[in-house]
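The structure under discussion appears below in the form of structure tokens.
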Protein chains: 2
Amino acid sequence: MPADHVTLVGGFWGERQAVNAQMSIRHCLDWMEGTGWIANFDRTARGEGPERAGREFADSEIYKLLEAMAWESARTGGVELEETFVALSRRVLAAQCDDGYLNTRFGGPGQPARYSDLEWGHELYCAGHLIQAGVARARTVGLDDEFVHGVLRVADHVVREFGEGGRDAIDGHPEIEPALSELARVTGDDRYLHQAAIFVERHGRGLLSTGEAEAAYFQDEVPVREGQVFAGHAVRAMYLAAGAIDVAVDTGDDELLQAVERQWEQTLARRTYLTGGMGSRHDWESFGDDFELPSDRAYSETCAAIGSVMVGWRLLLATGEERHADQIERALFNVVAAAPDSSGTAFFYVNPLQRRVPGVPALLDRPSPRAASSQRAPWFEVSCCPTNTARTLASLAGYVASTDDSGIRIHQFAPAEIATTLRDGSPIRLHVTTEYPLDGLVSVEVLDAPDREWTLTLRIPAWAEGTASVDASGEITMSGSAARVRGRLKAGDVVRLTLPVEPRITIPDSRIDAVRGTIAVEAGPLVYCLESVDLPEGADLLTVAVDTSTLPVRNDGDVVTIQAELPDAVHDHTWAYGSTAPDLVRHPLALDLIPYHRWAERGPSTMRVWIPERTGR
Amino acid sequence: MPADHVTLVGGFWGERQAVNAQMSIRHCLDWMEGTGWIANFDRTARGEGPERAGREFADSEIYKLLEAMAWESARTGGVELEETFVALSRRVLAAQCDDGYLNTRFGGPGQPARYSDLEWGHELYCAGHLIQAGVARARTVGLDDEFVHGVLRVADHVVREFGEGGRDAIDGHPEIEPALSELARVTGDDRYLHQAAIFVERHGRGLLSTGEAEAAYFQDEVPVREGQVFAGHAVRAMYLAAGAIDVAVDTGDDELLQAVERQWEQTLARRTYLTGGMGSRHDWESFGDDFELPSDRAYSETCAAIGSVMVGWRLLLATGEERHADQIERALFNVVAAAPDSSGTAFFYVNPLQRRVPGVPALLDRPSPRAASSQRAPWFEVSCCPTNTARTLASLAGYVASTDDSGIRIHQFAPAEIATTLRDGSPIRLHVTTEYPLDGLVSVEVLDAPDREWTLTLRIPAWAEGTASVDASGEITMSGSAARVRGRLKAGDVVRLTLPVEPRITIPDSRIDAVRGTIAVEAGPLVYCLESVDLPEGADLLTVAVDTSTLPVRNDGDVVTIQAELPDAVHDHTWAYGSTAPDLVRHPLALDLIPYHRWAERGPSTMRVWIPERTGR
């Protein structure tokens, strides 16, 4: 569905889009000017070198911001943002070589040669993000655009350099694969799709030198179509999977599609956090083994969640199965929404489900190490997450709805105006109103529709299967992850979906050792957490136990209250193990939980999502 | 007690000493010749450079092996080993500069300048291990030795370079601190002690540039005397603590001693694995936060356990409190004994308490990445553990006994001959026989003793407090961690200590989230584990539950049998979390556990120490 066919109107996500537009984009721009990352392009344009600011992939942050600005400029039509986009994109393109190559770290005077460090140089990764920015621009203003022209020259260079007969190589960080696939769609030029397919197939053949890394880190251990579960660096795995689905769909390669779907399903069943976060290890920012899902050392990088949104969306479109949108919703509400603070100027890079120590505030005057602080930081040395969040929020309306042969589908629930055309060309307009996720009623009013039978499909999240209800005048079919309303729905008709968003207790698979004997509280798509600032003075979050015989209740706004117990005092032993447990005197009390996405906004604190159940000891 | 006053005679440790002497020392020597690490010294001696094999700290491995050979040569008096020691030590000293400096990576033609990278260069760390080798040599053959002379020149260089008025600096990896302290003792030269004290005090003042590391990594965040708990890189923390205790004892600095003891006790109560292993994170090989003790991602580096033996031993001697020897025993039986395989030619670098995947066999033809394989590896790129194990096993008899004003103490239980002098100069000879740890009877026969009252003190491990018994003719006092027998014990008298080594169930502190709802089995000092090769065909180690209503029983040799349950089948869900647990049909069965120290000797396997308890779900 074209970018401007869905408009978010306030609500949970509309408000975040506004903060992103008004605060985050400018914030990212200021930091990248301040750190000299943008000036890298000016230096390359002037033929200077080899000095350069930032890490080897700094260019990509400018590209992701350009993508965010392209979406946002089209969404709001602001003149100032459009001018900023044009000015920044010109500074970028001024650094482009005659043959289309564009990178501020390689190939310049005194710099390493182009493609001399494919493992760690991130040249094609950067090119991929530049192409994604070009795709956003092409989708919003069309192909006849100065920036898009420059981007096409980059893509043509990549095809010449890495096509058949060219370098038999891949980049250490996937991203060029989905980028080229999307560029093929927007341009209709199959050379880009073909090149994306080449890159996808080259993975898993050991083309990259591993050094201290393992081949799985780069997704270079097993060919994509032979993989069983996602492994290695979580962001890399998601980006490659997204590209592989694109290639599979556009080349009709069912085997490849099924291979990715198989890995996705294994990953959801065994390697994904309750929040939708992915990546269990700080070490190499990677997936862990099956059921290795520690709360405290969860990496759950913001960018990996964004990557999982990309993958889930593609699988949803490729298979038509609404259940793939569950992960999109989970990752958006519990990772992407958690990353920026309410001001849109500080971000989480890692999103653990437990913090044991309050830690120190983030650095304010310079970039923070990526996973060091337990507080949101304005900028990072590796600052992929802020700009990634910005481009995701700016393009969020794209994940709300799609059309199919029977009519239209709504995948994500948010107040929105939808004005598009069905596949037969007939116009349709819908108005969605809801207080979701705090309220479970989603009303879809028909404003305009064809004068024939058509189907409105609404996703039923897994947690609502069997308990969701639909009130509508047409024929209603509830089947697993979808509710279908078929009928001659006309202007003024309202379809009402009711989802049970009251708080519920969730238990983990018994094979997840890290959270055995604990429960979590969810309400609708929201994962809840207990933050130390909501404990009585002096209480230790490590000694709280929850009484699950009493159900959690919604309290004030989005706050949920549970019944819990705290010991009167806990005395350390000299050794942490023994034959008997201490005989603690516990007292009951009610404790407030907040949605995970808004923790750490009240100063340094500790936090946990999974709370131990009260037991005999 | 001088090195030759205790001789281990077979038994658990005597056998390991023999394998170390016959296999491991030669194995290390061969690998270091093969990798060119020893040849680095030849190149430096010839003034060549800057090419060099191995990592920046490779010199230290040769030094640790020299230390192992020095102890071993004295222990067994073998001519061949002595000749090998002399030849290798001459190759090392041939690379020494006129001013005493000795390092193959810095200061040579084309190499970085001396002390130009104190954070990561490991120059003083290497010097420290060279000095430790010199201390071993001095303690076994005396100060008038060609190698000892070279070592003293190194130490004198360090004192000149880093003393008052010299460089105000520390090394990124402690080791010089305990080394100089020990050298001061063996030489009687207080300059070395003074220099060790200077280094200890300089920690925690931010003298090192951190880059991506945190200052805590280097123990440079908090001064030693202000620390509350050990933090950062576990091996570094242990080595610095050992040096700090040495300085505290030899300068009469009670505040410093108490500061280290406080950190030690907090670390045992909150940051140590059941095995005695330390270091919860692969990331930076570091301690985690309090109670962050994951089984699967336990780093528990072999060298950190050896460091904890060094610290425990020093605190035992400094305070006279036997409980400090509990950690020595725990780390020796469950980490140091686990590191080498039974052939003494393959080693564990990390010692997790759970392995989720069998993993791939280690590399046999080249060094392995340090924590990559789940199997023991013959050599590592960072190969600190094999040589560290070798020097520890070769000097193990030193941890068995000590004298005090009242008589003699036995801290570790092993078949041994002890022939030493009490503090009043009177000779004493004891013969210890025991099948420990499989049998709890430790018999100490007096072979020779002064004709007056004296005291034999025997450590009571914490797990035996209240249940240990002593049979002897003298006056017996049981007090916490010590049993004291006072009397006119004479030749032919036998003191019998009986420790309850039958299998027992151990539960963790409820604040250790990673092992909530599980139990471990121990027997005496041995931690047990369940290895997948002992499961029925097709069974999944992740689904085993233990029935704790039946006590574990000793079976055949060191094998222990528990009553457990396995589900008939486990089906994956599409999502790892839900509102209800699957209704599994479980069947009971008996399962064999083996001592942790001998797991992974039967091919690739999975393993767990902490086993879930059977619960309602």
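Chain lettering (A, B, ...) mirrors the order of the structure tokens, residue numbering begins at 1 for each chain separately, and ligand numbering begins at 1 in order of display.
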Inset, instruction - Fewer than 6 positions away in the same chain doesn't count, so skip those; otherwise give me all residues within 9 Å of segment 595-598 of chain A, counting only C-alpha atoms, as an MDAnalysis selection string. - result: chainID A and resid 275 333:342 353 522:523 526:530 558:560 609
Please return, as a CSV table (one decimal) with N, CA and C atoms, in the first residue's frame, all residues of chain A lying within 6 Å of chain B when only C-alpha atoms are considered.
```csv
chain,number,residue,atom,x,y,z
A,268,LEU,N,11.1,-17.8,16.9
A,268,LEU,CA,10.0,-17.3,17.8
A,268,LEU,C,9.7,-18.3,18.9
A,269,ALA,N,9.8,-19.6,18.6
A,269,ALA,CA,9.5,-20.6,19.6
A,269,ALA,C,10.6,-20.8,20.6
A,283,ASP,N,28.0,-10.8,24.0
A,283,ASP,CA,29.1,-11.3,23.2
A,283,ASP,C,28.7,-11.5,21.8
A,506,THR,N,1.4,-14.6,32.4
A,506,THR,CA,2.1,-15.4,31.4
A,506,THR,C,3.2,-16.2,32.0
A,507,ILE,N,3.3,-17.4,31.6
A,507,ILE,CA,4.3,-18.3,32.1
A,507,ILE,C,5.2,-18.7,30.9
A,508,PRO,N,6.5,-18.9,31.2
A,508,PRO,CA,7.4,-19.2,30.2
A,508,PRO,C,7.5,-20.7,29.9
A,509,ASP,N,8.0,-21.1,28.7
A,509,ASP,CA,8.3,-22.5,28.4
A,509,ASP,C,9.3,-23.0,29.4
A,511,ARG,N,11.6,-24.9,29.4
A,511,ARG,CA,13.0,-25.1,29.0
A,511,ARG,C,13.8,-23.8,29.1
A,514,ALA,N,16.4,-19.5,32.5
A,514,ALA,CA,16.6,-18.2,33.1
A,514,ALA,C,15.4,-17.7,33.8
A,517,GLY,N,10.2,-20.7,37.3
A,517,GLY,CA,9.6,-20.3,38.6
A,517,GLY,C,9.2,-18.8,38.7
A,542,LEU,N,15.2,-8.1,44.2
A,542,LEU,CA,15.5,-9.5,44.0
A,542,LEU,C,14.8,-10.4,45.0
A,574,THR,N,27.5,-16.6,54.1
A,574,THR,CA,28.9,-16.5,53.6
A,574,THR,C,29.1,-17.2,52.3
A,575,TRP,N,28.1,-18.1,52.0
A,575,TRP,CA,28.2,-18.9,50.7
A,575,TRP,C,26.8,-18.9,50.2
A,576,ALA,N,26.7,-18.8,48.8
A,576,ALA,CA,25.4,-18.6,48.2
A,576,ALA,C,24.6,-19.9,48.1
A,577,TYR,N,25.1,-21.0,48.6
A,577,TYR,CA,24.5,-22.3,48.4
A,577,TYR,C,24.4,-23.1,49.7
A,578,GLY,N,23.4,-23.8,49.9
A,578,GLY,CA,23.3,-24.6,51.1
A,578,GLY,C,22.3,-25.7,51.1
A,579,SER,N,22.1,-26.4,52.2
A,579,SER,CA,21.2,-27.5,52.2
A,579,SER,C,19.8,-27.0,52.6
```
Please return as an mmCIF file with C-alpha atoms, in the first residue's frame: the residues of segment 466-614 of chain B that backbone DSSP assigns to strand (DSSP E).
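Dumped to states.cif:
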```cif
data_model
loop_
_atom_site.group_PDB
_atom_site.id
_atom_site.type_symbol
_atom_site.label_atom_id
_atom_site.label_comp_id
_atom_site.auth_asym_id
_atom_site.auth_seq_id
_atom_site.Cartn_x
_atom_site.Cartn_y
_atom_site.Cartn_z
ATOM 1 C CA SER B 469 33.860 -36.335 63.737
ATOM 2 C CA VAL B 470 37.366 -36.857 65.047
ATOM 3 C CA ASP B 471 38.780 -39.907 66.730
ATOM 4 C CA GLU B 475 41.863 -33.293 73.619
ATOM 5 C CA ILE B 476 39.493 -32.648 70.725
ATOM 6 C CA THR B 477 37.900 -29.248 70.081
ATOM 7 C CA MET B 478 35.445 -28.808 67.264
ATOM 8 C CA SER B 479 34.859 -25.157 66.445
ATOM 9 C CA ALA B 482 38.399 -26.378 62.437
ATOM 10 C CA ALA B 483 38.917 -29.487 64.508
ATOM 11 C CA ARG B 484 41.808 -29.241 66.943
ATOM 12 C CA VAL B 485 43.508 -32.187 68.582
ATOM 13 C CA ARG B 486 45.827 -31.140 71.401
ATOM 14 C CA GLY B 487 48.015 -33.548 73.280
ATOM 15 C CA VAL B 494 46.664 -41.857 64.579
ATOM 16 C CA VAL B 495 44.123 -39.048 64.333
ATOM 17 C CA ARG B 496 41.066 -40.017 62.358
ATOM 18 C CA LEU B 497 38.831 -37.375 60.841
ATOM 19 C CA THR B 498 35.561 -38.539 59.322
ATOM 20 C CA PRO B 503 25.689 -37.262 48.263
ATOM 21 C CA ARG B 504 23.614 -34.298 49.339
ATOM 22 C CA ILE B 505 21.169 -31.912 47.709
ATOM 23 C CA THR B 506 22.140 -28.279 47.521
ATOM 24 C CA ILE B 507 19.822 -25.351 46.869
ATOM 25 C CA PRO B 508 20.848 -21.914 45.668
ATOM 26 C CA THR B 518 16.652 -26.183 40.625
ATOM 27 C CA ILE B 519 18.897 -28.235 42.863
ATOM 28 C CA ALA B 520 22.429 -29.484 42.574
ATOM 29 C CA VAL B 521 23.985 -32.640 43.913
ATOM 30 C CA GLU B 522 27.259 -32.521 45.796
ATOM 31 C CA ALA B 523 29.239 -35.189 47.592
ATOM 32 C CA LEU B 526 32.637 -32.595 44.509
ATOM 33 C CA VAL B 527 29.957 -30.867 42.482
ATOM 34 C CA TYR B 528 28.022 -33.303 40.310
ATOM 35 C CA CYS B 529 26.469 -32.903 36.888
ATOM 36 C CA LEU B 530 24.084 -34.654 34.564
ATOM 37 C CA GLU B 531 25.573 -35.289 31.137
ATOM 38 C CA ALA B 545 13.175 -32.899 36.392
ATOM 39 C CA VAL B 546 14.529 -34.306 39.621
ATOM 40 C CA VAL B 553 22.735 -42.354 46.429
ATOM 41 C CA ARG B 554 26.316 -43.195 45.680
ATOM 42 C CA VAL B 560 25.708 -40.835 42.058
ATOM 43 C CA THR B 561 22.157 -41.831 41.136
ATOM 44 C CA ILE B 562 19.099 -39.614 41.438
ATOM 45 C CA GLN B 563 15.432 -40.217 40.908
ATOM 46 C CA ALA B 564 14.153 -38.122 38.041
ATOM 47 C CA GLU B 565 11.358 -37.715 35.554
ATOM 48 C CA LEU B 566 11.287 -37.323 31.804
ATOM 49 C CA PRO B 567 8.297 -36.358 29.700
ATOM 50 C CA TYR B 577 5.194 -18.039 26.405
ATOM 51 C CA GLY B 578 1.584 -18.631 27.249
ATOM 52 C CA ARG B 586 6.162 -37.785 32.690
ATOM 53 C CA HIS B 587 7.681 -41.084 33.625
ATOM 54 C CA PRO B 588 10.113 -41.711 36.449
ATOM 55 C CA LEU B 589 13.585 -43.079 35.950
ATOM 56 C CA ALA B 590 16.903 -43.253 37.742
ATOM 57 C CA LEU B 591 19.720 -41.157 36.290
ATOM 58 C CA ASP B 592 23.436 -41.255 36.939
ATOM 59 C CA LEU B 593 25.380 -38.118 37.731
ATOM 60 C CA ILE B 594 29.141 -37.818 37.478
ATOM 61 C CA PRO B 595 31.541 -35.426 39.165
ATOM 62 C CA MET B 607 25.430 -31.084 30.525
ATOM 63 C CA ARG B 608 23.884 -29.389 33.516
ATOM 64 C CA ILE B 611 18.625 -29.668 37.661
ATOM 65 C CA PRO B 612 15.025 -28.449 37.799
#
```
Inset, instruction - Write out as a count of residues only which residues come within 10 Å of segment 238-246 of chain B when counting only C-alpha atoms, dropping same-chain ones fewer than 6 positions away. - result: 50
Inset, instruction - DSSP on the backbone, then: every residue of segment 2-125 of chain B marked helix (DSSP H, G or I), written as an MDAnalysis selection string. - result: chainID B and resid 3:5 11:34 39:45 58:76 79:93 123:125
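The shortest atom-to-atom distance to Ala325 of chain A, with only C-alpha atoms taken into account, belongs to A:Tyr399 out of A:Trp120, A:Tyr399, A:Ala416, A:Ile408.
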Legend entry - atom CA of Ser402 of chain A to atom CA of Leu317 of chain A, distance in Å rounded to a single decimal: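 Atom CA of Leu317 of chain A lies 8.2 Å from atom CA of Ser402 of chain A.
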Legend entry - Contact residues around segment 9-26 of chain A with only C-alpha atoms at 7 Å, ignoring same-chain residues under 3 positions, as a count of residues only: 13
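Between atom CA of Gln195 of chain A and atom CA of Asn40 of chain A the interatomic distance comes to 28.5 Å.
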Legend entry - Non-local contacts of Glu51 of chain A (9 Å; only C-alpha atoms; under 4 positions in same chain excluded) as a list in words: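 With the cut-off at 9 Å, the set is Asn40, Arg43, Arg105, Gly110 and Gln111 of chain A.
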